[in-house]
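Here is the structure we will look at.
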Amino acid sequence: MAKRSNGEGSVRKSGNSWIAKVQIGWLPNGHPKIKSFSAPTRKGALERMDNYLKSFNECELDDTTISDGMKYWLETFKSIELKDSSYNRLEITVNNNIIPYIGDYMTKELNSSVIQTQMINALIDEGKSYSTIKKAYFALNAYYKKLLSTGKAERNPMLGVTLPAQSKFKRKNIRALTKDEQDRFIRQAVSKFANGADRYRYGRAYVFMMFTGLRCSEMLGLTWRNIDLVNNIAVVKQSLVTVKNRETDIDDKYVVKLQDSTKTQAGIREIPLCNQAVEAITAYKEKYYNGNPDDYVITTAKNKPLKTRHFERSANYIFNAAGIEASEVHIFRHTFASILFEKNVDIKLISSLLGHSDVSTTYNIYVHLTGNQRKEAINAIDKINAINEI
């Protein structure tokens, strides 16, 4: 087989024909997506492949609507660049927050004023979050940058578009379980039926999350090999996500997919296990471990990986039974952070344990908790001054 340079494919003889092959992307299962071209001669096979690549790469995005152009941009370029979970989020942004507002405009005719008034300002008026608006802004900007880089556009109208100031948006309050709610949740989560059977299959797993700060995808991607109960450490290095099914031969709208990475590079970490975490996962292991260290910790009764929505829904049963107003397992992560802040753990260490890429991320999310620390520090200073005045 003769390979061509710069990823331009390969060609080989097969019987009386020549076969040229080139990778044009990736399949949902992570395998390369290959396109083949056959002809009686080597030159013919290469010409067929080269003609295809020419039409494939010379996308006429500048002569399409924003709707058609961005869908092509997603499928052709972003699908091979992003992880499945990131691609899903970008696709949702395009379909929900760009196309409904400016999708009918021609790419080459769209200007800054239209984007500002009919997309950005419209999203603001509808009460969309700063995060949602920013994602739409950056997605459209990336689309036009691609046009510029391929010579399909002479200008980027996004340069004249203004993002609203983040300070104008009401900050979403981060909700953590109170000490009383923690106790109530744990009691309910580990409760049993009259016959001694666990009331909730994943009850102790949620308690484990409460004292480790794991993201939902990290918990679902955890295998028994990742939990060291000799040294009391959990190793986080992969995640299991639920993504849109893009394989037509599987009759399921969403499928689970393992990602050999976490949300950020900093997400790859070791988490020391406190007594509560050790107790919860030990009891869970005694009940549900089948002896294979490579099995996922969280599985169905048939030892299959669990979808995110099923894991979330099971937690809701416990929340409701315990009389707690909550609906997402992410609250356990916030609770873990809250416990650490209450113990006056250094914010750099908290950031590391949570797997944040930067300390500023931790601070921005939990600024109200750091604010409480400052108040406690001021109160302590006031007490010292009061003693000195006596």
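Labels for the structure tokens follow display order: chains A, B, ..., residues from 1 in each chain, ligands from 1.
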What's the 10 Å shell around Val278 (chain A), counting only C-alpha atoms, without same-chain residues fewer than 6 positions away, as a VMD selection string? chain A and resid 208 211 227 to 229 232 to 234 272 284
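Excluding Thr93 (chain A) and any residue on its chain fewer than 4 positions from it, the residues at most 12 Å away by only C-alpha atoms are Met70, Lys71, Leu74, Ser86, Tyr87, Asn88, Arg89, Asn97, Ile98, Ile99, Pro100, Tyr101, Leu123, Lys128, Ser131, Thr132, Ile133, Lys134, Lys135, Ala136, Tyr137, Phe138, Ala139 and Leu140 of chain A.
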Show me, as a tab-separated table, the residues of region 211-249 of chain A having an atom within 9 Å of region 327-351 of chain A, each with the closest atom pair and its distance in Å, using only C-alpha atoms.
```
residue	atom	partner	partner_atom	distance
A:Phe211	CA	A:Phe336	CA	5.5
A:Thr212	CA	A:Phe336	CA	6.5
A:Gly213	CA	A:Arg333	CA	4.1
A:Leu214	CA	A:Arg333	CA	6.1
A:Arg215	CA	A:His330	CA	6.6
A:Cys216	CA	A:His330	CA	6.8
```
Please identify all polymer residues within 10 Å of Lys21 (chain A), counting only C-alpha atoms, omitting same-chain residues fewer than 2 positions from it, and present them as a VMD selection string. chain A and resid 3 8 to 12 19 23 to 24 34 to 38 45 to 46 49
Those residues you just picked out, can you put them in a file as a short mmCIF file (atom, residue, chain, number, x, y, z; two decimals), in the first residue's frame with all heavy atoms?
```cif
data_model
loop_
_atom_site.label_atom_id
_atom_site.label_comp_id
_atom_site.auth_asym_id
_atom_site.auth_seq_id
_atom_site.Cartn_x
_atom_site.Cartn_y
_atom_site.Cartn_z
N LYS A 3 1.33 5.15 0.67
CA LYS A 3 0.70 6.27 1.36
C LYS A 3 1.15 7.57 0.73
O LYS A 3 2.29 7.73 0.33
CB LYS A 3 1.07 6.26 2.84
CG LYS A 3 0.42 5.15 3.63
CD LYS A 3 0.66 5.33 5.11
CE LYS A 3 -0.08 4.26 5.90
NZ LYS A 3 0.13 4.43 7.37
N GLU A 8 -3.17 12.70 2.80
CA GLU A 8 -3.96 12.78 1.58
C GLU A 8 -4.41 11.41 1.10
O GLU A 8 -4.78 11.23 -0.05
CB GLU A 8 -3.17 13.50 0.49
CG GLU A 8 -2.90 14.96 0.83
CD GLU A 8 -2.08 15.66 -0.23
OE1 GLU A 8 -1.55 14.96 -1.12
OE2 GLU A 8 -1.95 16.88 -0.16
N GLY A 9 -4.34 10.40 1.96
CA GLY A 9 -4.86 9.09 1.60
C GLY A 9 -3.79 8.10 1.19
O GLY A 9 -2.58 8.34 1.29
N SER A 10 -4.26 6.95 0.71
CA SER A 10 -3.35 5.88 0.29
C SER A 10 -3.97 5.18 -0.92
O SER A 10 -5.17 5.32 -1.20
CB SER A 10 -3.14 4.87 1.42
OG SER A 10 -4.37 4.28 1.80
N VAL A 11 -3.14 4.44 -1.64
CA VAL A 11 -3.63 3.74 -2.81
C VAL A 11 -2.95 2.37 -2.89
O VAL A 11 -1.78 2.23 -2.56
CB VAL A 11 -3.37 4.55 -4.10
CG1 VAL A 11 -1.88 4.80 -4.31
CG2 VAL A 11 -3.98 3.87 -5.33
N ARG A 12 -3.71 1.35 -3.30
CA ARG A 12 -3.15 0.00 -3.43
C ARG A 12 -3.90 -0.74 -4.53
O ARG A 12 -5.03 -0.38 -4.90
CB ARG A 12 -3.26 -0.76 -2.12
CG ARG A 12 -4.68 -1.06 -1.70
CD ARG A 12 -4.72 -1.82 -0.38
NE ARG A 12 -6.08 -2.06 0.07
CZ ARG A 12 -6.86 -3.06 -0.34
NH1 ARG A 12 -6.38 -3.93 -1.24
NH2 ARG A 12 -8.07 -3.22 0.13
N ILE A 19 -7.43 0.68 -5.54
CA ILE A 19 -8.29 1.25 -4.49
C ILE A 19 -7.57 2.40 -3.81
O ILE A 19 -6.47 2.23 -3.26
CB ILE A 19 -8.68 0.21 -3.42
CG1 ILE A 19 -9.25 -1.05 -4.08
CG2 ILE A 19 -9.65 0.81 -2.42
CD1 ILE A 19 -10.58 -0.82 -4.77
N GLN A 23 -9.11 9.21 4.92
CA GLN A 23 -9.93 9.45 6.10
C GLN A 23 -10.61 10.81 5.97
O GLN A 23 -9.96 11.81 5.69
CB GLN A 23 -9.09 9.42 7.37
CG GLN A 23 -9.91 9.64 8.64
CD GLN A 23 -9.06 9.61 9.90
OE1 GLN A 23 -7.94 9.14 9.89
NE2 GLN A 23 -9.60 10.14 10.98
N ILE A 24 -11.94 10.84 6.20
CA ILE A 24 -12.68 12.09 6.08
C ILE A 24 -13.34 12.49 7.39
O ILE A 24 -14.17 13.39 7.42
CB ILE A 24 -13.74 11.99 4.97
CG1 ILE A 24 -14.74 10.86 5.28
CG2 ILE A 24 -13.11 11.81 3.62
CD1 ILE A 24 -15.93 10.83 4.35
N ILE A 34 -13.64 6.22 6.73
CA ILE A 34 -12.84 6.05 5.52
C ILE A 34 -13.71 6.09 4.27
O ILE A 34 -14.78 5.47 4.23
CB ILE A 34 -12.05 4.73 5.54
CG1 ILE A 34 -11.17 4.65 6.81
CG2 ILE A 34 -11.18 4.60 4.30
CD1 ILE A 34 -10.11 5.70 6.91
N LYS A 35 -13.26 6.80 3.25
CA LYS A 35 -13.94 6.84 1.95
C LYS A 35 -13.04 6.13 0.94
O LYS A 35 -11.83 6.38 0.88
CB LYS A 35 -14.17 8.29 1.53
CG LYS A 35 -14.96 8.46 0.25
CD LYS A 35 -16.44 8.30 0.50
CE LYS A 35 -17.24 8.65 -0.77
NZ LYS A 35 -18.68 8.42 -0.59
N SER A 36 -13.62 5.22 0.15
CA SER A 36 -12.85 4.44 -0.83
C SER A 36 -13.26 4.78 -2.26
O SER A 36 -14.43 5.09 -2.53
CB SER A 36 -13.04 2.94 -0.59
OG SER A 36 -12.61 2.57 0.70
N PHE A 37 -12.28 4.68 -3.17
CA PHE A 37 -12.52 4.98 -4.59
C PHE A 37 -11.78 3.92 -5.42
O PHE A 37 -10.57 3.72 -5.23
CB PHE A 37 -12.00 6.37 -4.95
CG PHE A 37 -12.52 7.46 -4.05
CD1 PHE A 37 -11.87 7.74 -2.86
CD2 PHE A 37 -13.66 8.17 -4.38
CE1 PHE A 37 -12.34 8.73 -2.01
CE2 PHE A 37 -14.14 9.15 -3.54
CZ PHE A 37 -13.49 9.43 -2.35
N SER A 38 -12.48 3.27 -6.32
CA SER A 38 -11.85 2.22 -7.14
C SER A 38 -11.86 2.62 -8.62
O SER A 38 -12.75 3.37 -9.08
CB SER A 38 -12.58 0.89 -6.97
OG SER A 38 -13.90 0.99 -7.43
N ALA A 45 -7.99 5.92 -9.88
CA ALA A 45 -8.43 5.88 -8.48
C ALA A 45 -8.03 7.16 -7.75
O ALA A 45 -8.82 7.73 -6.99
CB ALA A 45 -7.85 4.66 -7.79
N LEU A 46 -6.81 7.61 -8.01
CA LEU A 46 -6.33 8.83 -7.36
C LEU A 46 -7.10 10.05 -7.84
O LEU A 46 -7.40 10.97 -7.06
CB LEU A 46 -4.84 9.01 -7.61
CG LEU A 46 -3.92 8.03 -6.87
CD1 LEU A 46 -2.47 8.24 -7.30
CD2 LEU A 46 -4.05 8.21 -5.36
N MET A 49 -10.45 10.15 -6.07
CA MET A 49 -10.28 10.59 -4.69
C MET A 49 -9.98 12.08 -4.62
O MET A 49 -10.56 12.81 -3.80
CB MET A 49 -9.18 9.80 -4.00
CG MET A 49 -8.98 10.17 -2.53
SD MET A 49 -7.78 9.11 -1.69
CE MET A 49 -6.26 9.63 -2.52
#
```
| Among region 104-341 of chain A, which ones does DSSP place in alpha helix (DSSP H), written as a PyMOL selection string? | chain A and resi 112-114+121-125+130-149+179-189+203-210+216-221+275-288+308-322+330-341
File of the preceding selection, C-alpha atoms, as a tab-separated table (two decimals), in the first residue's frame:
```
chain	number	residue	atom	x	y	z
A	112	SER	CA	-23.01	43.10	12.79
A	113	SER	CA	-26.20	45.08	13.31
A	114	VAL	CA	-28.45	42.11	12.51
A	121	ASN	CA	-30.14	41.41	22.15
A	122	ALA	CA	-33.04	39.03	21.50
A	123	LEU	CA	-31.41	36.39	23.73
A	124	ILE	CA	-30.97	39.03	26.43
A	125	ASP	CA	-34.62	40.11	26.17
A	130	TYR	CA	-24.85	35.09	30.19
A	131	SER	CA	-23.29	31.67	29.61
A	132	THR	CA	-25.87	30.81	26.92
A	133	ILE	CA	-25.37	34.13	25.11
A	134	LYS	CA	-21.59	33.87	25.28
A	135	LYS	CA	-21.67	30.35	23.81
A	136	ALA	CA	-23.79	31.57	20.88
A	137	TYR	CA	-21.42	34.50	20.33
A	138	PHE	CA	-18.30	32.32	20.28
A	139	ALA	CA	-19.91	29.67	18.07
A	140	LEU	CA	-20.87	32.19	15.39
A	141	ASN	CA	-17.47	33.84	15.70
A	142	ALA	CA	-15.72	30.48	15.20
A	143	TYR	CA	-17.86	29.84	12.11
A	144	TYR	CA	-16.80	33.09	10.49
A	145	LYS	CA	-13.17	32.56	11.48
A	146	LYS	CA	-13.31	29.27	9.57
A	147	LEU	CA	-14.65	31.11	6.53
A	148	LEU	CA	-11.82	33.61	6.73
A	149	SER	CA	-9.17	30.89	7.07
A	179	LYS	CA	-25.79	19.86	57.40
A	180	ASP	CA	-29.34	18.83	58.28
A	181	GLU	CA	-30.09	17.97	54.64
A	182	GLN	CA	-26.88	15.97	54.40
A	183	ASP	CA	-27.90	13.89	57.39
A	184	ARG	CA	-31.43	13.38	56.09
A	185	PHE	CA	-30.20	12.40	52.65
A	186	ILE	CA	-27.67	9.89	53.98
A	187	ARG	CA	-30.25	8.26	56.28
A	188	GLN	CA	-32.66	7.86	53.38
A	189	ALA	CA	-29.99	6.80	50.87
A	203	GLY	CA	-27.81	5.34	47.47
A	204	ARG	CA	-24.30	4.84	48.85
A	205	ALA	CA	-22.79	5.96	45.53
A	206	TYR	CA	-24.44	9.36	45.98
A	207	VAL	CA	-23.02	9.56	49.50
A	208	PHE	CA	-19.60	8.76	48.01
A	209	MET	CA	-20.04	11.68	45.59
A	210	MET	CA	-20.98	13.98	48.45
A	216	CYS	CA	-21.64	12.94	37.41
A	217	SER	CA	-19.71	11.83	34.29
A	218	GLU	CA	-16.65	11.07	36.43
A	219	MET	CA	-18.66	8.93	38.84
A	220	LEU	CA	-20.27	7.02	35.96
A	221	GLY	CA	-16.85	6.50	34.33
A	275	ASN	CA	-13.95	8.05	56.40
A	276	GLN	CA	-17.49	8.75	55.15
A	277	ALA	CA	-16.46	8.12	51.52
A	278	VAL	CA	-14.62	4.90	52.44
A	279	GLU	CA	-17.57	3.63	54.47
A	280	ALA	CA	-20.05	4.37	51.67
A	281	ILE	CA	-18.05	2.81	48.83
A	282	THR	CA	-17.01	-0.21	50.92
A	283	ALA	CA	-20.62	-1.05	51.72
A	284	TYR	CA	-21.58	-0.48	48.08
A	285	LYS	CA	-18.74	-2.72	46.88
A	286	GLU	CA	-19.72	-5.56	49.20
A	287	LYS	CA	-23.17	-5.52	47.64
A	288	TYR	CA	-22.55	-4.89	43.95
A	308	THR	CA	-26.88	10.11	32.99
A	309	ARG	CA	-30.63	10.74	33.14
A	310	HIS	CA	-31.25	7.39	34.88
A	311	PHE	CA	-28.60	8.15	37.50
A	312	GLU	CA	-30.07	11.62	38.06
A	313	ARG	CA	-33.62	10.27	38.26
A	314	SER	CA	-32.70	7.69	40.89
A	315	ALA	CA	-31.25	10.44	43.07
A	316	ASN	CA	-34.49	12.41	42.78
A	317	TYR	CA	-36.40	9.58	44.46
A	318	ILE	CA	-34.15	9.95	47.49
A	319	PHE	CA	-34.38	13.75	47.48
A	320	ASN	CA	-38.18	13.54	47.45
A	321	ALA	CA	-38.35	10.89	50.15
A	322	ALA	CA	-36.00	12.94	52.36
A	330	HIS	CA	-24.24	18.13	40.92
A	331	ILE	CA	-25.46	19.38	44.28
A	332	PHE	CA	-23.20	16.75	45.90
A	333	ARG	CA	-20.17	18.41	44.26
A	334	HIS	CA	-21.23	21.79	45.62
A	335	THR	CA	-21.79	20.22	49.03
A	336	PHE	CA	-18.28	18.74	49.01
A	337	ALA	CA	-16.83	22.17	48.20
A	338	SER	CA	-18.96	23.79	50.89
A	339	ILE	CA	-17.71	21.32	53.50
A	340	LEU	CA	-14.10	22.09	52.56
A	341	PHE	CA	-14.65	25.84	52.73
```
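Distance check against Asp63 (chain A) using only C-alpha atoms: of A:Leu110, A:Asn364, A:Asn16, A:Ile80, the minimum falls on A:Leu110.
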Can you pull out every residue within 9 Å of Phe169 (chain A), counting only C-alpha atoms, but drop anything in the same chain fewer than 3 positions away, and send it as a count of residues only? 6
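From CA of Tyr296 (chain A) back to CA of Ile268 (chain A), the distance works out to 17.3 Å.
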Those of region 120-345 of chain A in DSSP strand (DSSP E or B), formatted as a ChimeraX atom specification: /A:192,198,223,227-228,233-236,239-244,254-259,269-272,296,299,305
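What separates CA of Thr223 (chain A) from CA of Asn195 (chain A) is a distance of 29.4 Å.
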